[in-house]
Amino acid sequence: MSINRKVLIGVNNLTKTYQKGRVEIFRELNFDIYEGEVLGVVGESGCGKTTLIRSLLCLEDSVSGKVKYKGINLLEVHENDKRDVIRKELRYIYQHPESSLNPGVTIGKSLINTLKIYKSNNGRNDLEMYLELVGLPKSYKSKYPKELSGGEKRRAVLARALITKPKAIFADEPFSGLDKILQARLISRLITIQKEQNLTLVLISHDKQIIQTLSDRVMELKDAKLLVR
Amino acid sequence: MNNSFQIGTSQIMLISRLLARFFLSMVFFCFLLTFIPDISYVDTSKMTRFLDHLEVLILFEFDYSIIYGDSVWEVIYTNGKYTLYLIISAIFIIIAMVIPLSYYSVMYNNRTLSKWIDNSLFAISSIPILILSILFMVLATEIFNFVPIFNQYSGEGATFTQKALILSLPVLSIILGDGIFYSVYDSAKDKITKIKTESWFKGILARGGNPRRHIIRGIVETLIISISGKITYLLSGIIIVEMVFSWQGLGMLIVDVFKQSGQKDYPLLIAIVAVLLIIIQAVNAAKIFILQKLNPEKSNGLVTGS
Amino acid sequence: MKQPIKKYFKPQNIQLLIGISVLISLLTANTLWFSQHNPMISRGPSDMPPQIEIFQSLLYTPDISTYIVEDDTWDSWGNSGGRRISISSDSLLISNFPITAIQTGSDYEYHPRFKANDISELELTESPEGMTLTDGSIQWMPGELQIGTFPVSLRIETDSTTYEVDYTLRVTKEFYPLGTNERGNSLSGLLIAGSKWTLIPGMIAASIAISFGLLMGVFSNYYGSHVASMFDGFSDLIESIPALIIIFIIAVASQFNMYLIMAGVGLILIPKVYAVIKSTVNQFVENQFVESALEIGFEKKVVYWREIVWYNCKSDMISLTTYCITFSILIEITISYLNLGVQDPDISWGLILLEGRDSILSGEYWMVVFPAILISISILGLTLLGSGAKQFLDPKFK
Amino acid sequence: MLLHVENLDVEYEKSAGFKKILDNISLQIGRYSRVGIIGESGSGKTQFVHSILGLLNGSPGVTSGKIVFRGKELLNTDSGDEKTWRESYVQNSTSVRGNDISIIFQDAKASLIPYQTINEQIIETWKFLDLKGGEKEAIEKASTTLRALNLNDIDRVLKSYPDQMSGGECQRVYIMLALLGDPLLLIADEPTSSLDDANARTLLNHLNDLCTNRGISLLLISHEIEDIIRFTDYVYVMYNGSIMEAFDISDSDVMVSTSKSNHPYTKTLLQVANGKFGVMQNEQSISSCVEQNKDTLKNEFKGCPYYYYCGLRKELSGDSQNKCLDEKPALHEVSKNNKVACWHVD
């Protein structure tokens with residue numbers, strides 16, 4: 001993987017404090033995310049790797065430093081135009097599928113609702129294309145999240161994220177809680193999609209083994225320091 | 001009244017919290033009183049009238065009641081006994097009936113009898129307390145040709161069954177009417193089915209143990225919470241039952257005060273409502289202490305939310 | 001192995017069926033009352049038992065007097081009527097009671113059954129014109145003009161003594177299926193008239209409770225914690241005092257104006273709706289659903305109002321509305337029964353119950369039993385409607 | 001032979017009909033032996049273990065099969081009509097729990113009674129098994145077992161509630177409770193999956209030593225293949241309710257190379273365990289895997305459970321593929337210590 005790729009997001013001296021500055025999660029981190037690469041973020045559970053990515057995407061408060069994306073510092077973007085600047089292109093996938101799927105409505109309906117936001121007119125066949133892409137049969141669009149198994153829910157969440165055609169996807173523990181073999185199936189599906197769409201993929205996980213085999217570069221967060229390999 | 005319990009704070013804090021709630025609702029009651037049209041307050045502004053009522057409450061000016069002449073406390077004492085009897089026996093019978101019924105219906109739920117019990121309880125629960133008490137009256141007069149009104153009790157010649165009827169029918173109609181019993185029974189049943197799916201329940205079974213003691217404890221826990229949630233509802237029921245069976249309790253007093261035309265007896269009204277609210281807070285306090293005893297692990301220093 | 005229940009016999013379909021039928025009957029009763037107004041409560045004889053025979057035999061024991069006739073005495077005018085000594089009716093030898101209130105044109109038939117079996121001869125000593133006694137059963141077809149009360153007496157001769165049984169028969173022109181009260185109003189008319197105080201005030205209370213409860217439930221999360229604590233304080237305050245006392249105050253303050261009282265009922269039900277909505281919305285906030293919906297690009301109000309409320313709280317709304325209606329019916333009959341609600345010239349179920357109360361002593365139960373049954377059925381029906389609709393709307397993800 | 005299970009079937013009633021959870025499972029455990037079961041979640045391993053102790057709560061539960069423990073029949077579905085064998089099954093399995101066979105669960109903290117101190121729970125379990133000796137002996141015996149599992153400051157643990165203890169401590173306490181009645185067989189249903197890797201390994205080591213010197217045979221269930229291979233001698237591979245392969249690894253203590261096992265599913269499992277995720281290419285395309293779940297739900301699918309994913313099937317000719325589709329292969333001996341359920345492996 002040649003390193004001289006175009007930098008998608010440049011981060012310098014990113015600091016996140018907690019309880020009004022008394023507790024520091026991490027301080028002055030500098031790293032770059034290249035376009036089209038698979039970046040792994042590893043660390044013990046509770047070491048703040050999720051908060052690192054969430055502060056990157058301005059989902060956390062009391063964060064200082066500079067996050068340069070297309071020349072704008074994301075941290076200074078005002079609250080109500082975050083929707084157009086950040087959310088259009090940078091997608092964050094939550095760890096638990098329940099927080100991304102509306103339990104009261106079928107998978108198809110929630111995907112169509114997301115499609116409508118991104119103004120893609122041919123809703124019907126787009127929906128089926130995306131379901132097929134993540135490996136769910138078309139008949140699943142009339143099912144409710146409750147009727148799906150763990151792996152299938154995660155595929156639906158992946159489909160929902162891909163619909164927004166993001167430039168980069170930040171996935172928080174997308175495979176935790178699944179069996180090794182199920183994780184393996186999900187991973188190979190994710191990799192094939194990432195290759196096809198030349199997507200930047202940032203994976204957060206506490207399982208070093210998976211991240212090692214998957215990502216081009218690995219960032220390990222250990223007691224507020226960042227070592228990149 | 002949220003049914004969570006504040007753990008970790010010491011007992012004094014809990015008592016003060018309940019007292020604050022009691023005082024706040026009394027102030028709210030005095031504020032509501034100012035809306036009652038009354039000839040003696042026709043010219044005074046609402047504010048002064050509100051302060052008047054508050055003064056009665058805070059300075060305990062309960063020595064003179066307009067209807068009954070003698071001091072309010074005498075009236076409360078003589079009539080309060082009967083209402084207290086109704087409340088205590090209602091709560092006691094609910095507990096005594098829910099534990100076996102819910103245990104039986106969940107443990108042997110495939111039997112038709114338990115289904116029959118559920119459906120009939122659900123049907124009865126849709127009958128309001130007023131209707132149920134009137135129907136009980138009709139049944140009593142038809143079968144025992146004796147009208148179970150309160151003043152018959154002290155009358156001579158009242159046989160044992162008549163006395164028993166007079167005492168039991170009001171309590172039964174409070175419990176079964178308006179779905180009070182059914183909702184407590186239902187929450188107890190849900191709790192048992194939930195316990196049966198807990199992994200510590202399966203743990204007990206796996207160790208060859210007999211989980212009956214734990215199921216009963218679970219029922220008692222839900223009972224306390226759902227009864228304390230329903231206590232204000234129970235008091236409304238008591239007012240109705242006292243009117244139908246003409247019991248000389250606080251409920252009848254309240255209705256008489258409200259039915260008075262002209263000068264309303266405010267000190268008596270405030271005193272009665274104060275007593276009722278104290279009963280409500282007492283039940284809440286009992287709930288908190290019993291729950292702390294049932295869940296010891298939650299009370300020693302661990303701060304957990306509701 | 002038993003097959004799972006057929007699709008259409010599921011419990012919620014049955015509940016829906018009962019609920020809708022009760023709702024429709026209440027609505028028809030309302031429209032009937034508003035369209036015809038007074039003529040339904042026609043003036044009839046007072047304290048008439050229900051003319052439907054089963055009800056009359058069940059709910060009313062007619063007063064029958066029985067006599068023993070000394071056959072060998074002559075009265076002063078020389079005819080052989082003989083002196084009559086009245087005996088208490090419970091030593092009556094007749095085991096089934098006659099129907100004593102009928103309508104003109106209906107064919108009346110009464111076949112007395114006797115406890116003693118040594119009956120030698122039956123004879124109708126006194127009867128309205130046209131009544132016949134044929135082989136042990138009295139038959140009669142009252143003509144159009146025969147209205148009013150007619151005494152009937154039956155002589156029964158056994159081997160040892162002769163008895164005589166008297167009762168009065170009342171014939172009316174109109175048909176009173178459920179009987180009449182002291183002032184002669186037909187109970188069925190009264191009940192239909194009374195139904196106007198069920199759905200309309202119920203809708204008032206429900207609309208207030210649901211709208212305020214919903215707004216408070218959503219805004220308590222929408223605008224952050226200080227708003228939430230204000231709403232919590234408000235709902236705790238209302239719930240701390242027993243509902244009936246607050247209703248009494250509102251009733252007295254509004255001089256028994258039912259619409260204001262029902263608005264008060266709506267106010268009292270707000271905390272209940274608020275608690276349900278708040279807990280559902282809190283669930284979505286806690287498991288980061290709101291944050292991820294915002295992150296994917298929905299606006300805040302779309303997330304709250306469509307994703308959470310419209311998709312997930314619809315079923316709770318319906319079951320809460322039916323609860324509010326049943327609660328307001330409950331309150332209406334209670335305060336009218338205590339004479340603090342609907343006042344005399346007006347009609348409501350509570351008032352009928354109040355009138356019926358003193359008729360219990362005199363054994364006329366129909367004035368109490370019919371409204372009681374009707375109220376219970378309508379409350380049961382509405383509750384079933386609520387729970388059936390709730391299960392029907394969200395069977396999938398519950 | 002300590003425990004002998006013969007073609008056990010378990011079915012659950014679902015809205016779409018009856019789903020076969022276990023399809024004729026047979027298994028033997030000898031005295032002092034170590035047996036492991038590998039399988040994905042949802043392959044029915046937990047249901048199998050619970051059915052031995054009669055802890056299944058779905059209906060109808062066990063439909064046919066035989067379970068014999070030390071010669072005594074716990075379950076025998078062809079010994080009379082359903083009512084009698086079900087009653088004797090419930091009776092026997094309850095009598096066996098705690099003193100002959102005991103089980104430890106996945107989430108130990110949730111399997112302990114939340115509102116009782118560990119002390120009270122020991123005494124209560126002691127009374128359940130009505131063992132001789134008073135409370136002092138119970139605490140004494142419990143502390144020796146806890147020391148064997150090298151739990152530090154036992155007195156604090158005895159007085160505390162489950163919420164106040166870490167996952168590892170809870171699991172050790174629960175193992176102690178399970179061994180209080182000196183059972184002959186200990187079933188460990190994924191004991192370490194809620195712990196992180198470090199103390200999972202130490203816990204299993206202690207458990208293994210405890211079982212060896214107390215002569216308790218161990219049935220270890222897990223989806224972590226390394227634990228199974230390190231701690232057991234005989235391994236059953238379960239997939240979708242039936243046994244795919246059973247092989248003996250007592251002689252080879254080194255990490256089993258893929259050649260040792262023959263069934264395609266076991267091969268994929270072992271490769272995934274070694275971190276080679278590229279292996280997925282030799283499986284069928286993933287979308288077909290979802291169709292397969294739907295069919296088994298309605299019980300019409302009589303073919304091999306691994307049919308949809310099977311990589312081996314891709315190179316086969318048409319008619320041999322139909323053989324996989326319409327008939328389920330039975331376990332047959334392939335070599336001295338290896339049985340495989342696949343038509344095309346011999």
# chains A, B, ... in the order shown; residues from 1 in each chain; ligands from 1

$ select_by_dssp --residues "stretch 164-387 of chain C" --states "helix (DSSP H, G or I)" --output "ChimeraX atom specification"
/C:187-197,199-222,225-240,243-253,258-286,289-296,300-312,314-337,349-361,366-387

$ residues_around --residues "A:Pro166" --least-positions-apart "3" --cutoff "8 Å" --atoms "only C-alpha atoms" --output "list in words"
Lys88, Glu89, Leu90, Arg91, Ala161, Leu162, Ile169 and Leu199 of chain A

$ write_last_selection --atoms "all heavy atoms" --output "short mmCIF file (atom, residue, chain, number, x, y, z; two decimals), in the first residue's frame"
data_model
loop_
_atom_site.label_atom_id
_atom_site.label_comp_id
_atom_site.auth_asym_id
_atom_site.auth_seq_id
_atom_site.Cartn_x
_atom_site.Cartn_y
_atom_site.Cartn_z
N LYS A 88 -22.69 14.48 5.52
CA LYS A 88 -22.94 14.01 4.13
C LYS A 88 -21.90 12.97 3.75
O LYS A 88 -22.23 11.96 3.14
CB LYS A 88 -22.83 15.22 3.15
CG LYS A 88 -24.14 16.00 2.99
CD LYS A 88 -24.86 15.61 1.69
CE LYS A 88 -26.16 16.42 1.50
NZ LYS A 88 -27.02 16.43 2.71
N GLU A 89 -20.63 13.17 4.18
CA GLU A 89 -19.60 12.30 3.60
C GLU A 89 -18.91 11.39 4.61
O GLU A 89 -18.30 10.40 4.23
CB GLU A 89 -18.52 13.16 2.90
CG GLU A 89 -18.97 13.67 1.55
CD GLU A 89 -18.62 15.15 1.37
OE1 GLU A 89 -17.80 15.62 2.20
OE2 GLU A 89 -19.15 15.79 0.47
N LEU A 90 -18.99 11.74 5.89
CA LEU A 90 -18.28 10.88 6.87
C LEU A 90 -19.35 10.12 7.67
O LEU A 90 -20.22 10.73 8.30
CB LEU A 90 -17.42 11.75 7.80
CG LEU A 90 -16.41 12.66 7.08
CD1 LEU A 90 -15.63 13.48 8.10
CD2 LEU A 90 -15.46 11.84 6.21
N ARG A 91 -19.30 8.79 7.59
CA ARG A 91 -20.36 7.98 8.23
C ARG A 91 -19.77 7.26 9.44
O ARG A 91 -18.68 6.73 9.37
CB ARG A 91 -20.88 6.96 7.18
CG ARG A 91 -22.05 6.13 7.61
CD ARG A 91 -23.26 6.97 7.99
NE ARG A 91 -23.62 7.95 6.98
CZ ARG A 91 -23.74 9.28 7.23
NH1 ARG A 91 -23.49 9.75 8.43
NH2 ARG A 91 -24.07 10.10 6.30
N ALA A 161 -25.66 2.46 6.07
CA ALA A 161 -24.54 3.41 5.98
C ALA A 161 -24.12 3.58 4.51
O ALA A 161 -23.89 4.71 4.05
CB ALA A 161 -23.37 2.88 6.80
N LEU A 162 -24.10 2.49 3.77
CA LEU A 162 -23.61 2.59 2.37
C LEU A 162 -24.56 3.41 1.51
O LEU A 162 -24.14 4.09 0.59
CB LEU A 162 -23.46 1.18 1.79
CG LEU A 162 -22.31 0.36 2.41
CD1 LEU A 162 -22.39 -1.09 1.98
CD2 LEU A 162 -20.98 0.98 2.04
N ILE A 169 -16.00 5.57 6.09
CA ILE A 169 -16.86 4.92 7.08
C ILE A 169 -16.01 4.64 8.33
O ILE A 169 -14.91 4.09 8.22
CB ILE A 169 -17.45 3.60 6.54
CG1 ILE A 169 -18.49 3.90 5.47
CG2 ILE A 169 -18.07 2.79 7.67
CD1 ILE A 169 -19.27 2.68 5.01
N LEU A 199 -13.37 3.01 -0.80
CA LEU A 199 -13.91 3.72 0.37
C LEU A 199 -12.80 3.79 1.42
O LEU A 199 -12.02 2.86 1.58
CB LEU A 199 -15.04 2.82 0.92
CG LEU A 199 -16.18 3.43 1.70
CD1 LEU A 199 -16.91 4.43 0.85
CD2 LEU A 199 -17.13 2.28 2.09
#

$ residues_around --residues "stretch 281-293 of chain B" --least-positions-apart "3" --cutoff "7 Å" --atoms "only C-alpha atoms" --output "short mmCIF file (atom, residue, chain, number, x, y, z; two decimals) with all heavy atoms, in the first residue's frame"
data_model
loop_
_atom_site.label_atom_id
_atom_site.label_comp_id
_atom_site.auth_asym_id
_atom_site.auth_seq_id
_atom_site.Cartn_x
_atom_site.Cartn_y
_atom_site.Cartn_z
N PHE B 5 -36.71 3.80 43.91
CA PHE B 5 -36.44 4.12 45.32
C PHE B 5 -35.04 4.71 45.41
O PHE B 5 -34.12 4.28 44.74
CB PHE B 5 -36.56 2.86 46.20
CG PHE B 5 -36.06 1.60 45.56
CD1 PHE B 5 -34.73 1.26 45.68
CD2 PHE B 5 -36.91 0.77 44.85
CE1 PHE B 5 -34.25 0.11 45.09
CE2 PHE B 5 -36.43 -0.38 44.26
CZ PHE B 5 -35.10 -0.73 44.38
N LEU B 18 -39.90 12.71 51.59
CA LEU B 18 -41.35 12.40 51.61
C LEU B 18 -42.11 13.56 52.25
O LEU B 18 -43.15 13.99 51.77
CB LEU B 18 -41.59 11.09 52.39
CG LEU B 18 -41.07 9.83 51.69
CD1 LEU B 18 -41.35 8.61 52.55
CD2 LEU B 18 -41.70 9.67 50.33
N PHE B 22 -45.07 15.76 50.78
CA PHE B 22 -46.36 15.91 51.46
C PHE B 22 -46.73 17.38 51.56
O PHE B 22 -47.83 17.79 51.15
CB PHE B 22 -46.27 15.28 52.86
CG PHE B 22 -47.36 15.71 53.80
CD1 PHE B 22 -48.65 15.21 53.65
CD2 PHE B 22 -47.12 16.65 54.80
CE1 PHE B 22 -49.67 15.62 54.49
CE2 PHE B 22 -48.14 17.05 55.66
CZ PHE B 22 -49.41 16.55 55.50
N GLU B 221 -41.99 -8.26 46.27
CA GLU B 221 -41.35 -7.02 45.80
C GLU B 221 -42.27 -6.28 44.83
O GLU B 221 -42.55 -5.09 44.99
CB GLU B 221 -40.02 -7.37 45.11
CG GLU B 221 -39.16 -6.16 44.79
CD GLU B 221 -37.86 -6.58 44.09
OE1 GLU B 221 -37.78 -7.75 43.67
OE2 GLU B 221 -36.94 -5.75 44.00
N ILE B 224 -45.40 -4.74 46.59
CA ILE B 224 -45.19 -3.48 47.33
C ILE B 224 -45.16 -2.32 46.34
O ILE B 224 -45.84 -1.31 46.50
CB ILE B 224 -43.85 -3.55 48.09
CG1 ILE B 224 -43.82 -4.73 49.06
CG2 ILE B 224 -43.58 -2.24 48.82
CD1 ILE B 224 -44.79 -4.60 50.20
N ILE B 225 -44.39 -2.51 45.26
CA ILE B 225 -44.26 -1.39 44.30
C ILE B 225 -45.61 -1.07 43.69
O ILE B 225 -46.05 0.09 43.66
CB ILE B 225 -43.23 -1.78 43.21
CG1 ILE B 225 -41.82 -1.88 43.82
CG2 ILE B 225 -43.25 -0.77 42.08
CD1 ILE B 225 -40.77 -2.38 42.87
N SER B 228 -48.12 0.53 46.21
CA SER B 228 -47.84 1.94 46.56
C SER B 228 -48.11 2.82 45.35
O SER B 228 -48.44 4.00 45.49
CB SER B 228 -46.38 2.07 46.99
OG SER B 228 -45.57 1.88 45.86
N LEU B 277 -53.16 12.27 52.79
CA LEU B 277 -51.82 12.38 52.17
C LEU B 277 -50.77 11.74 53.06
O LEU B 277 -49.82 11.11 52.58
CB LEU B 277 -51.50 13.85 51.91
CG LEU B 277 -52.32 14.48 50.77
CD1 LEU B 277 -51.77 15.84 50.41
CD2 LEU B 277 -52.34 13.59 49.55
N ILE B 278 -50.99 11.87 54.39
CA ILE B 278 -50.01 11.22 55.29
C ILE B 278 -50.05 9.71 55.04
O ILE B 278 -49.01 9.04 54.94
CB ILE B 278 -50.35 11.55 56.76
CG1 ILE B 278 -50.00 13.01 57.04
CG2 ILE B 278 -49.61 10.64 57.71
CD1 ILE B 278 -50.45 13.50 58.40
N PRO B 296 -30.84 -5.97 49.78
CA PRO B 296 -29.78 -5.37 50.60
C PRO B 296 -28.61 -4.89 49.76
O PRO B 296 -28.01 -3.87 50.05
CB PRO B 296 -29.37 -6.52 51.54
CG PRO B 296 -29.95 -7.76 50.98
CD PRO B 296 -31.09 -7.37 50.11
N SER B 299 -28.56 -1.23 48.90
CA SER B 299 -28.72 -0.12 49.84
C SER B 299 -27.41 0.25 50.53
O SER B 299 -27.29 1.34 51.05
CB SER B 299 -29.70 -0.56 50.95
OG SER B 299 -29.15 -1.70 51.55
#

$ residues_around --residues "stretch 162-176 of chain D" --least-positions-apart "5" --cutoff "10 Å" --atoms "only C-alpha atoms" --output "compact mmCIF listing (two decimals) with C-alpha atoms, in the first residue's frame"
# COMPACT_ATOMS: atom_id res chain seq x y z
CA GLY B 203 -28.67 -21.34 38.25
CA GLU B 297 -27.14 -5.18 47.89
CA LYS B 298 -28.67 -1.98 46.57
CA LEU B 302 -24.23 1.78 46.00
CA SER D 102 -23.52 -29.78 37.61
CA ILE D 103 -23.23 -27.00 35.09
CA ILE D 104 -21.55 -23.60 34.99
CA PHE D 105 -22.87 -20.84 32.77
CA GLN D 106 -21.60 -18.22 30.41
CA ASP D 107 -22.33 -15.10 32.47
CA ALA D 108 -21.45 -16.12 36.04
CA LYS D 109 -22.38 -12.76 37.54
CA ALA D 110 -25.93 -13.14 36.21
CA SER D 111 -26.16 -16.77 37.41
CA LEU D 112 -25.63 -15.81 41.05
CA ILE D 113 -28.59 -14.61 43.10
CA PRO D 114 -28.20 -10.79 43.03
CA TYR D 115 -29.70 -10.07 46.46
CA GLN D 116 -27.84 -12.66 48.56
CA THR D 117 -24.26 -12.59 49.82
CA ILE D 118 -22.04 -15.43 48.61
CA GLN D 121 -25.80 -18.70 48.69
CA ILE D 122 -23.32 -21.33 49.83
CA LYS D 141 -15.37 -26.80 51.99
CA ALA D 142 -16.20 -23.76 49.87
CA SER D 143 -13.04 -21.93 50.97
CA THR D 144 -10.83 -24.93 50.13
CA THR D 145 -12.30 -25.02 46.61
CA LEU D 146 -11.91 -21.23 46.25
CA ARG D 147 -8.28 -21.49 47.39
CA ALA D 148 -7.76 -24.24 44.79
CA LEU D 149 -9.07 -21.78 42.17
CA ASN D 150 -6.61 -19.27 43.79
CA LEU D 151 -9.16 -16.59 44.50
CA ASN D 152 -7.53 -13.99 46.75
CA ILE D 154 -11.84 -15.05 50.28
CA ARG D 156 -14.24 -10.19 51.40
CA VAL D 157 -15.78 -12.30 48.63
CA GLY D 181 -21.97 -31.49 45.93
CA ASP D 182 -18.85 -33.31 44.55
CA LEU D 186 -18.95 -30.83 35.31
CA ALA D 188 -18.84 -25.85 31.39
CA PRO D 191 -17.22 -20.37 30.94
CA THR D 192 -14.78 -17.75 29.69
CA SER D 194 -17.58 -12.99 29.21
CA LEU D 195 -13.96 -12.59 30.47
CA ASP D 196 -11.11 -10.98 28.56
CA ASN D 199 -7.82 -14.23 32.97
CA ALA D 200 -9.89 -16.53 30.72
CA THR D 202 -5.77 -18.64 33.87
CA LEU D 203 -9.33 -19.60 34.88
CA HIS D 206 -7.20 -23.69 37.36
CA LEU D 207 -10.45 -25.41 36.37

$ closest_atom_pairs --of "chain A" --to "chain C" --cutoff "8 Å" --atoms "only C-alpha atoms" --output "JSON lines"
{"residue": "A:Arg83", "atom": "CA", "partner": "C:Gly297", "partner_atom": "CA", "distance": 6.1}
{"residue": "A:Arg87", "atom": "CA", "partner": "C:Glu295", "partner_atom": "CA", "distance": 6.1}
{"residue": "A:Lys88", "atom": "CA", "partner": "C:Gly297", "partner_atom": "CA", "distance": 7.4}
{"residue": "A:Arg91", "atom": "CA", "partner": "C:Ile296", "partner_atom": "CA", "distance": 7.2}
{"residue": "A:Tyr92", "atom": "CA", "partner": "C:Glu295", "partner_atom": "CA", "distance": 7.5}
{"residue": "A:Tyr94", "atom": "CA", "partner": "C:Ser292", "partner_atom": "CA", "distance": 7.3}
{"residue": "A:Glu98", "atom": "CA", "partner": "C:Asn287", "partner_atom": "CA", "distance": 7.3}
{"residue": "A:Ser99", "atom": "CA", "partner": "C:Phe289", "partner_atom": "CA", "distance": 4.1}
{"residue": "A:Ser100", "atom": "CA", "partner": "C:Phe289", "partner_atom": "CA", "distance": 5.8}
{"residue": "A:Leu101", "atom": "CA", "partner": "C:Phe289", "partner_atom": "CA", "distance": 7.7}
{"residue": "A:Asn102", "atom": "CA", "partner": "C:Glu307", "partner_atom": "CA", "distance": 7.0}
{"residue": "A:Pro103", "atom": "CA", "partner": "C:Phe397", "partner_atom": "CA", "distance": 6.5}
{"residue": "A:Gly104", "atom": "CA", "partner": "C:Asn312", "partner_atom": "CA", "distance": 5.1}
{"residue": "A:Val105", "atom": "CA", "partner": "C:Tyr311", "partner_atom": "CA", "distance": 6.5}
{"residue": "A:Thr114", "atom": "CA", "partner": "C:Ile296", "partner_atom": "CA", "distance": 7.6}
{"residue": "A:Ile117", "atom": "CA", "partner": "C:Gly297", "partner_atom": "CA", "distance": 7.0}
{"residue": "A:Tyr144", "atom": "CA", "partner": "C:Phe397", "partner_atom": "CA", "distance": 6.8}
{"residue": "A:Pro145", "atom": "CA", "partner": "C:Phe397", "partner_atom": "CA", "distance": 7.8}
{"residue": "A:Lys146", "atom": "CA", "partner": "C:Phe397", "partner_atom": "CA", "distance": 5.9}
{"residue": "A:Ala161", "atom": "CA", "partner": "C:Ile296", "partner_atom": "CA", "distance": 7.7}
{"residue": "A:Thr164", "atom": "CA", "partner": "C:Ile296", "partner_atom": "CA", "distance": 7.8}

$ decode --residues "stretch 100-135 of chain A" --atoms "C-alpha atoms" --output "PDB file, in the first residue's frame"
ATOM      1  CA  SER A 100     -29.254   2.423  14.183  1.00  0.00           C
ATOM      2  CA  LEU A 101     -32.390   0.442  13.235  1.00  0.00           C
ATOM      3  CA  ASN A 102     -35.834   1.800  14.087  1.00  0.00           C
ATOM      4  CA  PRO A 103     -37.625  -1.123  15.797  1.00  0.00           C
ATOM      5  CA  GLY A 104     -41.076   0.156  14.800  1.00  0.00           C
ATOM      6  CA  VAL A 105     -40.570  -0.018  11.071  1.00  0.00           C
ATOM      7  CA  THR A 106     -39.418  -2.587   8.479  1.00  0.00           C
ATOM      8  CA  ILE A 107     -35.836  -2.637   7.237  1.00  0.00           C
ATOM      9  CA  GLY A 108     -36.972  -1.584   3.745  1.00  0.00           C
ATOM     10  CA  LYS A 109     -38.878   1.416   5.069  1.00  0.00           C
ATOM     11  CA  SER A 110     -35.967   2.705   7.175  1.00  0.00           C
ATOM     12  CA  LEU A 111     -33.590   2.292   4.236  1.00  0.00           C
ATOM     13  CA  ILE A 112     -35.982   4.166   1.938  1.00  0.00           C
ATOM     14  CA  ASN A 113     -36.266   6.960   4.525  1.00  0.00           C
ATOM     15  CA  THR A 114     -32.481   7.262   4.472  1.00  0.00           C
ATOM     16  CA  LEU A 115     -32.468   7.151   0.662  1.00  0.00           C
ATOM     17  CA  LYS A 116     -34.958  10.025   0.542  1.00  0.00           C
ATOM     18  CA  ILE A 117     -32.548  12.257   2.463  1.00  0.00           C
ATOM     19  CA  TYR A 118     -29.868  11.680  -0.115  1.00  0.00           C
ATOM     20  CA  LYS A 119     -32.287  12.531  -2.943  1.00  0.00           C
ATOM     21  CA  SER A 120     -31.632   9.380  -4.954  1.00  0.00           C
ATOM     22  CA  ASN A 121     -34.773   9.070  -7.007  1.00  0.00           C
ATOM     23  CA  ASN A 122     -34.831   5.431  -8.096  1.00  0.00           C
ATOM     24  CA  GLY A 123     -35.538   4.289  -4.513  1.00  0.00           C
ATOM     25  CA  ARG A 124     -37.025   0.846  -5.143  1.00  0.00           C
ATOM     26  CA  ASN A 125     -34.223  -0.866  -7.101  1.00  0.00           C
ATOM     27  CA  ASP A 126     -31.508   1.060  -5.252  1.00  0.00           C
ATOM     28  CA  LEU A 127     -32.791  -0.476  -2.043  1.00  0.00           C
ATOM     29  CA  GLU A 128     -32.651  -4.006  -3.423  1.00  0.00           C
ATOM     30  CA  MET A 129     -29.179  -3.362  -4.871  1.00  0.00           C
ATOM     31  CA  TYR A 130     -27.855  -2.329  -1.461  1.00  0.00           C
ATOM     32  CA  LEU A 131     -29.486  -5.269   0.315  1.00  0.00           C
ATOM     33  CA  GLU A 132     -27.887  -7.589  -2.216  1.00  0.00           C
ATOM     34  CA  LEU A 133     -24.560  -5.790  -1.747  1.00  0.00           C
ATOM     35  CA  VAL A 134     -24.440  -6.569   1.975  1.00  0.00           C
ATOM     36  CA  GLY A 135     -25.723 -10.125   1.451  1.00  0.00           C
TER      37      GLY A 135
END
